[in-house]
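Source file: structure_34.pdb (PDB, C-alpha atoms)
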ATOM      1  CA  MET A  27      -9.253  18.563  21.494
ATOM      2  CA  LYS A  28      -9.062  21.395  18.953
ATOM      3  CA  SER A  29      -9.938  20.520  15.368
ATOM      4  CA  GLY A  30      -6.501  21.502  13.978
ATOM      5  CA  LEU A  31      -4.599  19.485  16.560
ATOM      6  CA  LYS A  32      -6.951  16.553  16.056
ATOM      7  CA  ASP A  33      -6.365  16.606  12.285
ATOM      8  CA  ASP A  34      -2.596  16.800  12.800
ATOM      9  CA  LEU A  35      -2.691  13.842  15.162
ATOM     10  CA  PHE A  36      -4.746  11.717  12.784
ATOM     11  CA  THR A  37      -2.424  12.561   9.884
ATOM     12  CA  ILE A  38       0.581  11.365  11.900
ATOM     13  CA  VAL A  39      -1.253   8.248  13.112
ATOM     14  CA  LYS A  40      -2.375   7.336   9.588
ATOM     15  CA  GLY A  41       1.162   7.886   8.308
ATOM     16  CA  TYR A  42       2.411   5.638  11.117
ATOM     17  CA  ILE A  43       0.014   2.838  10.141
ATOM     18  CA  ILE A  44       0.882   3.145   6.443
ATOM     19  CA  GLY A  45       4.629   3.122   7.117
ATOM     20  CA  SER A  46       4.492   0.141   9.451
ATOM     21  CA  SER A  47       2.315  -1.944   7.130
ATOM     22  CA  MET A  48       4.411  -1.507   3.973
ATOM     23  CA  SER A  49       6.631  -4.448   4.944
ATOM     24  CA  VAL A  50       3.641  -6.825   4.787
ATOM     25  CA  PRO A  51       3.405  -8.749   1.487
ATOM     26  CA  GLY A  52       0.209  -7.851  -0.338
ATOM     27  CA  VAL A  53      -0.432  -4.661   1.614
ATOM     28  CA  SER A  54       0.644  -1.624  -0.390
ATOM     29  CA  GLY A  55       1.060   1.898   0.888
ATOM     30  CA  GLY A  56      -1.589   3.052  -1.579
ATOM     31  CA  THR A  57      -4.062   0.477  -0.273
ATOM     32  CA  MET A  58      -3.639   1.577   3.336
ATOM     33  CA  ALA A  59      -3.873   5.252   2.352
ATOM     34  CA  ILE A  60      -7.149   4.526   0.553
ATOM     35  CA  LEU A  61      -8.557   2.557   3.498
ATOM     36  CA  LEU A  62      -7.563   5.261   5.984
ATOM     37  CA  GLY A  63      -9.135   8.011   3.892
ATOM     38  CA  ILE A  64      -5.947  10.007   3.320
ATOM     39  CA  TYR A  65      -5.220   8.967  -0.274
ATOM     40  CA  ASP A  66      -6.964  11.887  -1.999
ATOM     41  CA  ARG A  67      -5.213  14.411   0.227
ATOM     42  CA  LEU A  68      -1.804  12.853  -0.446
ATOM     43  CA  ILE A  69      -2.340  12.855  -4.207
ATOM     44  CA  SER A  70      -3.603  16.446  -4.159
ATOM     45  CA  SER A  71      -0.745  17.740  -1.988
ATOM     46  CA  ILE A  72       1.834  16.307  -4.401
ATOM     47  CA  SER A  73       0.166  17.098  -7.735
ATOM     48  CA  ASN A  74      -0.729  20.653  -6.626
ATOM     49  CA  PHE A  75       2.402  21.210  -4.587
ATOM     50  CA  LEU A  76       3.195  24.675  -6.007
ATOM     51  CA  LYS A  77      -0.338  26.009  -5.461
ATOM     52  CA  ASP A  78      -0.008  25.904  -1.667
ATOM     53  CA  ILE A  79       3.622  25.181  -0.863
ATOM     54  CA  LYS A  80       3.379  25.953   2.867
ATOM     55  CA  GLY A  81       0.192  23.943   3.444
ATOM     56  CA  ASN A  82       1.358  20.989   1.363
ATOM     57  CA  VAL A  83       4.799  20.932   2.986
ATOM     58  CA  LEU A  84       3.271  20.956   6.477
ATOM     59  CA  PHE A  85       0.881  18.139   5.574
ATOM     60  CA  LEU A  86       3.572  16.006   3.905
ATOM     61  CA  VAL A  87       6.001  16.577   6.794
ATOM     62  CA  LYS A  88       3.396  15.409   9.325
ATOM     63  CA  PHE A  89       2.594  12.392   7.190
ATOM     64  CA  CYS A  90       6.278  11.532   6.636
ATOM     65  CA  ILE A  91       7.003  11.836  10.364
ATOM     66  CA  GLY A  92       4.300   9.273  11.068
ATOM     67  CA  ALA A  93       5.366   7.012   8.187
ATOM     68  CA  GLY A  94       9.030   7.217   9.226
ATOM     69  CA  LEU A  95       8.190   6.320  12.811
ATOM     70  CA  GLY A  96       6.092   3.411  11.566
ATOM     71  CA  ILE A  97       8.867   2.083   9.315
ATOM     72  CA  CYS A  98      11.491   2.404  12.066
ATOM     73  CA  SER A  99       9.436   0.929  14.893
ATOM     74  CA  LEU A 100       6.285  -1.054  14.327
ATOM     75  CA  SER A 101       7.428  -2.591  11.037
ATOM     76  CA  PHE A 102      10.057  -4.626  12.914
ATOM     77  CA  LEU A 103       7.369  -5.884  15.297
ATOM     78  CA  ILE A 104       5.114  -6.782  12.377
ATOM     79  CA  LYS A 105       7.946  -8.701  10.682
ATOM     80  CA  TRP A 106       8.589 -10.613  13.925
ATOM     81  CA  LEU A 107       4.881 -11.367  14.363
ATOM     82  CA  LEU A 108       4.650 -12.538  10.742
ATOM     83  CA  GLU A 109       7.508 -14.961  11.376
ATOM     84  CA  LYS A 110       5.990 -16.300  14.600
ATOM     85  CA  PHE A 111       2.259 -16.112  13.805
ATOM     86  CA  PRO A 112       1.995 -15.752  10.006
ATOM     87  CA  VAL A 113      -1.619 -16.871   9.567
ATOM     88  CA  PRO A 114      -3.323 -14.845  12.370
ATOM     89  CA  VAL A 115      -1.312 -11.700  11.551
ATOM     90  CA  SER A 116      -2.033 -12.053   7.829
ATOM     91  CA  MET A 117      -5.719 -12.500   8.662
ATOM     92  CA  PHE A 118      -5.576  -9.226  10.608
ATOM     93  CA  PHE A 119      -4.480  -7.380   7.466
ATOM     94  CA  LEU A 120      -7.009  -9.307   5.406
ATOM     95  CA  GLY A 121      -9.723  -8.082   7.768
ATOM     96  CA  ALA A 122      -8.349  -4.552   7.514
ATOM     97  CA  VAL A 123      -8.521  -4.625   3.715
ATOM     98  CA  ILE A 124     -12.099  -5.924   3.657
ATOM     99  CA  GLY A 125     -13.130  -3.576   6.463
ATOM    100  CA  GLY A 126     -12.259  -0.588   4.307
ATOM    101  CA  ILE A 127     -14.441  -1.619   1.359
ATOM    102  CA  PRO A 128     -17.651   0.104   2.622
ATOM    103  CA  ALA A 129     -15.803   3.436   2.880
ATOM    104  CA  LEU A 130     -14.436   2.923  -0.633
ATOM    105  CA  TYR A 131     -17.914   2.236  -1.982
ATOM    106  CA  LYS A 132     -19.098   5.594  -0.612
ATOM    107  CA  LYS A 133     -16.351   7.258  -2.652
ATOM    108  CA  THR A 134     -17.954   6.067  -5.896
ATOM    109  CA  LYS A 135     -20.355   9.021  -5.424
ATOM    110  CA  GLU A 136     -23.259   7.065  -6.895
ATOM    111  CA  SER A 137     -26.106   5.386  -5.022
ATOM    112  CA  SER A 138     -26.480   2.472  -7.412
ATOM    113  CA  LEU A 139     -24.137   0.240  -9.350
ATOM    114  CA  ARG A 140     -24.348  -0.321 -13.082
ATOM    115  CA  ILE A 141     -23.141  -3.038 -15.449
ATOM    116  CA  SER A 142     -20.146  -0.882 -16.363
ATOM    117  CA  SER A 143     -19.234  -0.702 -12.657
ATOM    118  CA  ALA A 144     -18.618  -4.452 -12.666
ATOM    119  CA  PHE A 145     -16.350  -4.066 -15.704
ATOM    120  CA  TYR A 146     -14.103  -1.503 -13.948
ATOM    121  CA  PHE A 147     -14.101  -3.591 -10.781
ATOM    122  CA  LEU A 148     -13.044  -6.736 -12.662
ATOM    123  CA  LEU A 149     -10.418  -4.768 -14.579
ATOM    124  CA  GLY A 150      -8.803  -3.566 -11.356
ATOM    125  CA  LEU A 151      -9.054  -7.038  -9.833
ATOM    126  CA  LEU A 152      -7.396  -8.751 -12.810
ATOM    127  CA  VAL A 153      -4.590  -6.170 -13.083
ATOM    128  CA  VAL A 154      -3.462  -6.651  -9.472
ATOM    129  CA  ILE A 155      -3.834 -10.437  -9.522
ATOM    130  CA  SER A 156      -1.839 -10.600 -12.777
ATOM    131  CA  ILE A 157       0.979  -8.510 -11.298
ATOM    132  CA  GLY A 158       1.094 -10.870  -8.328
ATOM    133  CA  PHE A 159       1.888 -13.781 -10.659
ATOM    134  CA  ILE A 160       4.846 -12.105 -12.378
ATOM    135  CA  PRO A 161       7.859 -14.329 -11.526
ATOM    136  CA  GLU A 162      10.416 -12.932  -9.117
ATOM    137  CA  GLU A 163      13.560 -11.479 -10.750
ATOM    138  CA  SER A 164      11.927 -11.737 -14.176
ATOM    139  CA  ILE A 165      13.621  -8.402 -14.951
ATOM    140  CA  ASN A 166      17.366  -8.172 -14.326
ATOM    141  CA  ILE A 167      18.474  -4.580 -13.816
ATOM    142  CA  GLY A 168      21.955  -5.555 -12.714
ATOM    143  CA  SER A 169      23.257  -6.491 -16.147
ATOM    144  CA  GLY A 170      25.251  -4.258 -18.473
ATOM    145  CA  SER A 171      27.735  -1.487 -17.788
ATOM    146  CA  GLU A 172      27.696   0.672 -14.683
ATOM    147  CA  VAL A 173      26.035   3.523 -16.583
ATOM    148  CA  VAL A 174      23.303   1.219 -17.882
ATOM    149  CA  HIS A 175      22.934  -0.214 -14.373
ATOM    150  CA  TYR A 176      22.142   3.160 -12.820
ATOM    151  CA  LEU A 177      19.893   4.128 -15.729
ATOM    152  CA  MET A 178      17.911   0.975 -14.996
ATOM    153  CA  ILE A 179      17.782   1.993 -11.333
ATOM    154  CA  LEU A 180      16.161   5.252 -12.458
ATOM    155  CA  VAL A 181      13.579   3.284 -14.441
ATOM    156  CA  ALA A 182      13.074   0.968 -11.466
ATOM    157  CA  GLY A 183      12.466   3.984  -9.218
ATOM    158  CA  ILE A 184       9.593   5.098 -11.445
ATOM    159  CA  VAL A 185       8.139   1.576 -11.375
ATOM    160  CA  ILE A 186       8.403   1.561  -7.574
ATOM    161  CA  ALA A 187       6.638   4.947  -7.521
ATOM    162  CA  LEU A 188       3.725   3.334  -9.348
ATOM    163  CA  ALA A 189       3.608   0.619  -6.689
ATOM    164  CA  LEU A 190       3.712   3.231  -3.921
ATOM    165  CA  VAL A 191       0.962   5.406  -5.365
ATOM    166  CA  LEU A 192      -1.400   2.898  -6.974
ATOM    167  CA  PRO A 193      -3.450   0.978  -4.391
ATOM    168  CA  GLY A 194      -3.283  -2.807  -4.326
ATOM    169  CA  ILE A 195       0.247  -3.123  -5.758
ATOM    170  CA  SER A 196       2.821  -4.364  -3.259
ATOM    171  CA  THR A 197       6.108  -2.454  -3.297
ATOM    172  CA  SER A 198       7.991  -5.437  -1.904
ATOM    173  CA  HIS A 199       6.677  -7.632  -4.727
ATOM    174  CA  MET A 200       7.729  -5.102  -7.381
ATOM    175  CA  LEU A 201      11.234  -5.017  -5.872
ATOM    176  CA  LEU A 202      11.328  -8.820  -6.161
ATOM    177  CA  VAL A 203      10.115  -8.699  -9.780
ATOM    178  CA  LEU A 204      12.821  -6.152 -10.625
ATOM    179  CA  GLY A 205      15.434  -8.330  -8.914
ATOM    180  CA  MET A 206      16.197  -5.487  -6.519
ATOM    181  CA  TYR A 207      14.931  -6.809  -3.184
ATOM    182  CA  GLU A 208      18.204  -8.343  -2.029
ATOM    183  CA  SER A 209      20.364  -5.573  -3.493
ATOM    184  CA  MET A 210      18.200  -2.966  -1.772
ATOM    185  CA  LEU A 211      18.603  -4.716   1.581
ATOM    186  CA  THR A 212      22.353  -4.950   0.984
ATOM    187  CA  ALA A 213      22.553  -1.254   0.082
ATOM    188  CA  ILE A 214      20.742  -0.345   3.311
ATOM    189  CA  THR A 215      22.904  -2.555   5.536
ATOM    190  CA  GLU A 216      26.114  -1.366   3.846
ATOM    191  CA  PHE A 217      24.989   2.307   3.790
ATOM    192  CA  ASP A 218      25.397   2.593   0.026
ATOM    193  CA  VAL A 219      24.283   6.228  -0.089
ATOM    194  CA  PHE A 220      24.736   6.605  -3.853
ATOM    195  CA  TYR A 221      22.618   3.554  -4.677
ATOM    196  CA  ILE A 222      19.861   4.452  -2.210
ATOM    197  CA  GLY A 223      19.986   8.126  -3.222
ATOM    198  CA  THR A 224      19.685   7.327  -6.940
ATOM    199  CA  LEU A 225      16.723   5.045  -6.325
ATOM    200  CA  GLY A 226      15.138   7.536  -3.950
ATOM    201  CA  ILE A 227      15.428  10.432  -6.411
ATOM    202  CA  ALA A 228      14.029   8.275  -9.226
ATOM    203  CA  THR A 229      11.119   7.211  -7.028
ATOM    204  CA  LEU A 230      10.417  10.836  -6.080
ATOM    205  CA  ILE A 231      10.445  11.848  -9.764
ATOM    206  CA  GLY A 232       8.080   8.990 -10.539
ATOM    207  CA  VAL A 233       5.683  10.024  -7.773
ATOM    208  CA  PHE A 234       5.469  13.593  -9.079
ATOM    209  CA  LEU A 235       5.009  12.348 -12.660
ATOM    210  CA  ILE A 236       2.071  10.040 -11.974
ATOM    211  CA  THR A 237       0.127  11.850  -9.237
ATOM    212  CA  LYS A 238      -1.274  14.505 -11.586
ATOM    213  CA  PRO A 239      -2.835  11.978 -14.014
ATOM    214  CA  ILE A 240      -4.203  10.010 -11.042
ATOM    215  CA  GLU A 241      -5.782  13.123  -9.516
ATOM    216  CA  TRP A 242      -7.320  14.064 -12.875
ATOM    217  CA  THR A 243      -8.779  10.567 -13.223
ATOM    218  CA  LEU A 244     -10.178  10.629  -9.677
ATOM    219  CA  ASN A 245     -11.838  14.011 -10.245
ATOM    220  CA  THR A 246     -13.102  13.342 -13.780
ATOM    221  CA  PHE A 247     -14.256   9.725 -13.437
ATOM    222  CA  PRO A 248     -14.750   9.188  -9.675
ATOM    223  CA  HIS A 249     -17.232   6.332  -9.955
ATOM    224  CA  GLN A 250     -15.259   4.337 -12.525
ATOM    225  CA  THR A 251     -11.939   5.000 -10.795
ATOM    226  CA  TYR A 252     -13.114   3.921  -7.363
ATOM    227  CA  CYS A 253     -14.786   0.820  -8.782
ATOM    228  CA  ALA A 254     -11.377  -0.094 -10.249
ATOM    229  CA  ILE A 255      -9.677   0.792  -6.937
ATOM    230  CA  ILE A 256     -12.040  -1.562  -5.086
ATOM    231  CA  GLY A 257     -10.873  -4.223  -7.538
ATOM    232  CA  PHE A 258      -7.241  -3.255  -6.847
ATOM    233  CA  VAL A 259      -7.748  -3.525  -3.090
ATOM    234  CA  LEU A 260      -9.615  -6.836  -3.157
ATOM    235  CA  GLY A 261      -7.094  -8.196  -5.655
ATOM    236  CA  SER A 262      -4.288  -7.469  -3.209
ATOM    237  CA  THR A 263      -5.740 -10.083  -0.845
ATOM    238  CA  ALA A 264      -4.629 -12.775  -3.308
ATOM    239  CA  GLU A 265      -0.984 -12.016  -2.555
ATOM    240  CA  ILE A 266      -1.626 -12.190   1.201
ATOM    241  CA  PHE A 267      -2.938 -15.721   0.685
ATOM    242  CA  GLN A 268      -0.215 -16.638  -1.805
ATOM    243  CA  GLU A 269       2.771 -15.223   0.082
ATOM    244  CA  LYS A 270       1.867 -15.690   3.751
ATOM    245  CA  ILE A 271      -1.200 -17.768   4.562
ATOM    246  CA  LEU A 272      -0.836 -20.796   2.254
ATOM    247  CA  PRO A 273       2.937 -21.323   2.812
ATOM    248  CA  ALA A 274       2.416 -21.126   6.596
ATOM    249  CA  ILE A 275       0.003 -24.076   6.726
ATOM    250  CA  PRO A 276       1.958 -27.198   7.823
ATOM    251  CA  GLU A 277       1.650 -30.218   5.554
ATOM    252  CA  ASN A 278       0.826 -32.438   8.526
ATOM    253  CA  ALA A 279      -1.430 -29.927  10.288
ATOM    254  CA  GLY A 280      -3.795 -31.739  12.622
ATOM    255  CA  VAL A 281      -7.130 -30.867  14.180
ATOM    256  CA  PRO A 282      -5.580 -29.061  17.212
ATOM    257  CA  TRP A 283      -3.565 -26.784  14.881
ATOM    258  CA  TRP A 284      -6.605 -25.972  12.766
ATOM    259  CA  ILE A 285      -8.765 -25.232  15.817
ATOM    260  CA  GLY A 286      -6.161 -23.096  17.595
ATOM    261  CA  CYS A 287      -4.989 -21.233  14.503
ATOM    262  CA  GLY A 288      -8.545 -20.932  13.214
ATOM    263  CA  LEU A 289      -9.848 -19.285  16.380
ATOM    264  CA  MET A 290      -6.892 -16.897  16.518
ATOM    265  CA  SER A 291      -7.321 -16.037  12.838
ATOM    266  CA  ILE A 292     -11.038 -15.320  13.233
ATOM    267  CA  ALA A 293     -10.277 -13.047  16.194
ATOM    268  CA  THR A 294      -7.522 -11.137  14.365
ATOM    269  CA  PHE A 295      -9.631 -10.861  11.206
ATOM    270  CA  ILE A 296     -12.468  -9.260  13.187
ATOM    271  CA  LEU A 297      -9.966  -7.003  14.980
ATOM    272  CA  GLY A 298      -8.479  -5.799  11.685
ATOM    273  CA  PHE A 299     -11.939  -5.323  10.179
ATOM    274  CA  MET A 300     -13.181  -3.246  13.125
ATOM    275  CA  ALA A 301      -9.942  -1.243  13.399
ATOM    276  CA  ILE A 302     -10.093   0.014   9.800
ATOM    277  CA  LYS A 303     -13.862   0.486   9.942
ATOM    278  CA  SER A 304     -13.408   2.700  13.008
ATOM    279  CA  LEU A 305     -10.565   4.695  11.461
ATOM    280  CA  SER A 306     -12.503   5.170   8.215
ATOM    281  CA  ARG A 307     -15.014   7.295  10.137
ATOM    282  CA  PHE A 308     -12.378  10.003  10.137
ATOM    283  CA  GLN A 309     -11.970   9.759   6.379
ATOM    284  CA  GLU A 310     -11.279  13.038   4.678
ATOM    285  CA  ASP A 311     -13.662  14.093   1.927
TER
END

Rewritten as structure tokens:
Amino acid sequence: MKSGLKDDLFTIVKGYIIGSSMSVPGVSGGTMAILLGIYDRLISSISNFLKDIKGNVLFLVKFCIGAGLGICSLSFLIKWLLEKFPVPVSMFFLGAVIGGIPALYKKTKESSLRISSAFYFLLGLLVVISIGFIPEESINIGSGSEVVHYLMILVAGIVIALALVLPGISTSHMLLVLGMYESMLTAITEFDVFYIGTLGIATLIGVFLITKPIEWTLNTFPHQTYCAIIGFVLGSTAEIFQEKILPAIPENAGVPWWIGCGLMSIATFILGFMAIKSLSRFQED
């Protein structure tokens, strides 16, 4: 297979995986992009969009095709599997997150860790865990006049952009915190184009606003930034436990349930670990 075609195929496949996994609580699009080795390229193509419009457009189109296909197809299967087999499926994504850590460590661009490395790691870990404990609907954007309502939607779009771009922050959780999860689902089912369009434009503006500072940070302080990102990614596992694994354990679970579910969970964890570890070999430098 030619190198160009191979790269195109992997871009679409990675976009597909990222799109399909975004519906899973605790798994953010940024996390999956980091684990699949496409994060740097995405950030660069957006922050330096005008420097190579044709190349960046082609890359983003290929990525969006894959992500769109993932959202429209596999995400429904993942939701169904999460309803039927919440613990084994959640363990698959847990394995995927942990399986990507070795590739992330290589991105620190240093052979040895220092005391300061632990500080940045703990900082990233605490930030993501703290966000996970923000109560749902703690911010009400639906109050006030119609003008204020849509202004708040613009602000919410920028917040959602942060969740999309920063690894370890679940977009679905941020929608719940903003009190927008149900209204967003309603807008989609009722084809509220104005509502969805306003939020989409605000999110797009937010993405373009924050990618440049993120790229500068990655290039200027790669070791510190990736130590914090490792903390972000590991911190995101807390929400997987909190939202999916712990609530799915029956109160009267007996030995047969623990044995059966345990064996399945071990198998899916290993599968997720090996899947991401294999894909990370194609990580872009």

Kindly assemble as JSON lines a list of the range 215-305 of chain A residues that lie within 8 Å of range 63-80 of chain A, each paired with its nearest atom pair and their distance in Å to one decimal, using all atoms listed in the file, sorted first by chain and then by ascending residue number.
{"residue": "A:Phe234", "atom": "CA", "partner": "A:Ser73", "partner_atom": "CA", "distance": 6.5}
{"residue": "A:Thr237", "atom": "CA", "partner": "A:Ser73", "partner_atom": "CA", "distance": 5.5}
{"residue": "A:Lys238", "atom": "CA", "partner": "A:Ser73", "partner_atom": "CA", "distance": 4.9}
{"residue": "A:Ile240", "atom": "CA", "partner": "A:Ile69", "partner_atom": "CA", "distance": 7.6}
{"residue": "A:Glu241", "atom": "CA", "partner": "A:Ile69", "partner_atom": "CA", "distance": 6.3}

Proximity of range 228-297 of chain A to range 125-128 of chain A: per-residue shortest pair, 12 Å limit, all atoms listed in the file, as a tab-separated table:
residue	atom	partner	partner_atom	distance
A:Tyr252	CA	A:Ile127	CA	10.4
A:Cys253	CA	A:Ile127	CA	10.4
A:Ile255	CA	A:Ile127	CA	9.9
A:Ile256	CA	A:Ile127	CA	6.9
A:Gly257	CA	A:Ile127	CA	9.9
A:Phe258	CA	A:Ile127	CA	11.0
A:Val259	CA	A:Ile127	CA	8.3
A:Leu260	CA	A:Ile127	CA	8.4
A:Phe295	CA	A:Gly125	CA	9.4
A:Ile296	CA	A:Gly125	CA	8.8
A:Leu297	CA	A:Gly125	CA	9.7

### Task
To one decimal in Å, tell me the separation between CA of Thr57 in chain A and CA of Pro193 in chain A.
4.2 Å

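Coordinates place CA of Ile302 in chain A at a distance of 17.2 Å from CA of Asp33 in chain A.
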
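Non-sequential neighbours of range 214-231 of chain A (distance at most 9 Å, separation of 3 or more positions within a chain, all atoms listed in the file) are Tyr176, Ile179, Leu180, Val181, Ala182, Gly183, Ile184, Val185, Ile186, Ala187, Leu188, Leu190, Ser209, Met210, Leu211, Phe234, Leu235 and Ile236 of chain A.
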
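The spacing separating CA of Ser291 in chain A from CA of Glu265 in chain A amounts to 17.1 Å.
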
Starting from the sparse input, extend range 177-194 of chain A to N, CA, C and O atoms and give the output as a PDB file, in the frame of the given file.
ATOM      1  N   LEU A 177      21.030   3.701 -14.935  1.00  0.00           N
ATOM      2  CA  LEU A 177      19.893   4.128 -15.729  1.00  0.00           C
ATOM      3  C   LEU A 177      18.689   3.217 -15.458  1.00  0.00           C
ATOM      4  O   LEU A 177      17.550   3.684 -15.361  1.00  0.00           O
ATOM      5  N   MET A 178      18.979   1.927 -15.311  1.00  0.00           N
ATOM      6  CA  MET A 178      17.911   0.975 -14.996  1.00  0.00           C
ATOM      7  C   MET A 178      17.365   1.204 -13.593  1.00  0.00           C
ATOM      8  O   MET A 178      16.180   0.982 -13.329  1.00  0.00           O
ATOM      9  N   ILE A 179      18.240   1.659 -12.686  1.00  0.00           N
ATOM     10  CA  ILE A 179      17.782   1.993 -11.333  1.00  0.00           C
ATOM     11  C   ILE A 179      16.797   3.160 -11.392  1.00  0.00           C
ATOM     12  O   ILE A 179      15.793   3.189 -10.671  1.00  0.00           O
ATOM     13  N   LEU A 180      17.082   4.132 -12.279  1.00  0.00           N
ATOM     14  CA  LEU A 180      16.161   5.252 -12.458  1.00  0.00           C
ATOM     15  C   LEU A 180      14.795   4.772 -12.958  1.00  0.00           C
ATOM     16  O   LEU A 180      13.748   5.204 -12.469  1.00  0.00           O
ATOM     17  N   VAL A 181      14.826   3.856 -13.927  1.00  0.00           N
ATOM     18  CA  VAL A 181      13.579   3.284 -14.441  1.00  0.00           C
ATOM     19  C   VAL A 181      12.865   2.509 -13.334  1.00  0.00           C
ATOM     20  O   VAL A 181      11.636   2.607 -13.172  1.00  0.00           O
ATOM     21  N   ALA A 182      13.649   1.751 -12.560  1.00  0.00           N
ATOM     22  CA  ALA A 182      13.074   0.968 -11.466  1.00  0.00           C
ATOM     23  C   ALA A 182      12.421   1.877 -10.427  1.00  0.00           C
ATOM     24  O   ALA A 182      11.380   1.538  -9.854  1.00  0.00           O
ATOM     25  N   GLY A 183      13.028   3.036 -10.177  1.00  0.00           N
ATOM     26  CA  GLY A 183      12.466   3.984  -9.218  1.00  0.00           C
ATOM     27  C   GLY A 183      11.086   4.448  -9.640  1.00  0.00           C
ATOM     28  O   GLY A 183      10.176   4.596  -8.800  1.00  0.00           O
ATOM     29  N   ILE A 184      10.897   4.674 -10.929  1.00  0.00           N
ATOM     30  CA  ILE A 184       9.593   5.098 -11.445  1.00  0.00           C
ATOM     31  C   ILE A 184       8.578   3.969 -11.298  1.00  0.00           C
ATOM     32  O   ILE A 184       7.414   4.205 -10.941  1.00  0.00           O
ATOM     33  N   VAL A 185       9.024   2.733 -11.548  1.00  0.00           N
ATOM     34  CA  VAL A 185       8.139   1.576 -11.375  1.00  0.00           C
ATOM     35  C   VAL A 185       7.736   1.442  -9.912  1.00  0.00           C
ATOM     36  O   VAL A 185       6.569   1.174  -9.584  1.00  0.00           O
ATOM     37  N   ILE A 186       8.689   1.634  -9.004  1.00  0.00           N
ATOM     38  CA  ILE A 186       8.403   1.561  -7.574  1.00  0.00           C
ATOM     39  C   ILE A 186       7.424   2.665  -7.171  1.00  0.00           C
ATOM     40  O   ILE A 186       6.555   2.469  -6.317  1.00  0.00           O
ATOM     41  N   ALA A 187       7.562   3.846  -7.803  1.00  0.00           N
ATOM     42  CA  ALA A 187       6.638   4.947  -7.521  1.00  0.00           C
ATOM     43  C   ALA A 187       5.206   4.544  -7.863  1.00  0.00           C
ATOM     44  O   ALA A 187       4.263   4.877  -7.138  1.00  0.00           O
ATOM     45  N   LEU A 188       5.043   3.829  -8.974  1.00  0.00           N
ATOM     46  CA  LEU A 188       3.725   3.334  -9.348  1.00  0.00           C
ATOM     47  C   LEU A 188       3.166   2.413  -8.264  1.00  0.00           C
ATOM     48  O   LEU A 188       1.991   2.488  -7.909  1.00  0.00           O
ATOM     49  N   ALA A 189       4.033   1.541  -7.740  1.00  0.00           N
ATOM     50  CA  ALA A 189       3.608   0.619  -6.689  1.00  0.00           C
ATOM     51  C   ALA A 189       3.268   1.364  -5.402  1.00  0.00           C
ATOM     52  O   ALA A 189       2.373   0.954  -4.659  1.00  0.00           O
ATOM     53  N   LEU A 190       3.984   2.451  -5.131  1.00  0.00           N
ATOM     54  CA  LEU A 190       3.712   3.231  -3.921  1.00  0.00           C
ATOM     55  C   LEU A 190       2.397   3.993  -4.026  1.00  0.00           C
ATOM     56  O   LEU A 190       1.649   4.089  -3.046  1.00  0.00           O
ATOM     57  N   VAL A 191       2.125   4.531  -5.206  1.00  0.00           N
ATOM     58  CA  VAL A 191       0.962   5.406  -5.365  1.00  0.00           C
ATOM     59  C   VAL A 191      -0.311   4.639  -5.694  1.00  0.00           C
ATOM     60  O   VAL A 191      -1.374   4.924  -5.152  1.00  0.00           O
ATOM     61  N   LEU A 192      -0.208   3.643  -6.587  1.00  0.00           N
ATOM     62  CA  LEU A 192      -1.400   2.898  -6.974  1.00  0.00           C
ATOM     63  C   LEU A 192      -1.781   1.901  -5.891  1.00  0.00           C
ATOM     64  O   LEU A 192      -0.947   1.112  -5.445  1.00  0.00           O
ATOM     65  N   PRO A 193      -3.020   1.915  -5.437  1.00  0.00           N
ATOM     66  CA  PRO A 193      -3.450   0.978  -4.391  1.00  0.00           C
ATOM     67  C   PRO A 193      -3.483  -0.451  -4.893  1.00  0.00           C
ATOM     68  O   PRO A 193      -3.761  -0.711  -6.060  1.00  0.00           O
ATOM     69  N   GLY A 194      -3.193  -1.389  -4.001  1.00  0.00           N
ATOM     70  CA  GLY A 194      -3.283  -2.807  -4.326  1.00  0.00           C
ATOM     71  C   GLY A 194      -2.020  -3.419  -4.876  1.00  0.00           C
ATOM     72  O   GLY A 194      -1.934  -4.640  -5.026  1.00  0.00           O
TER      73      GLY A 194
END
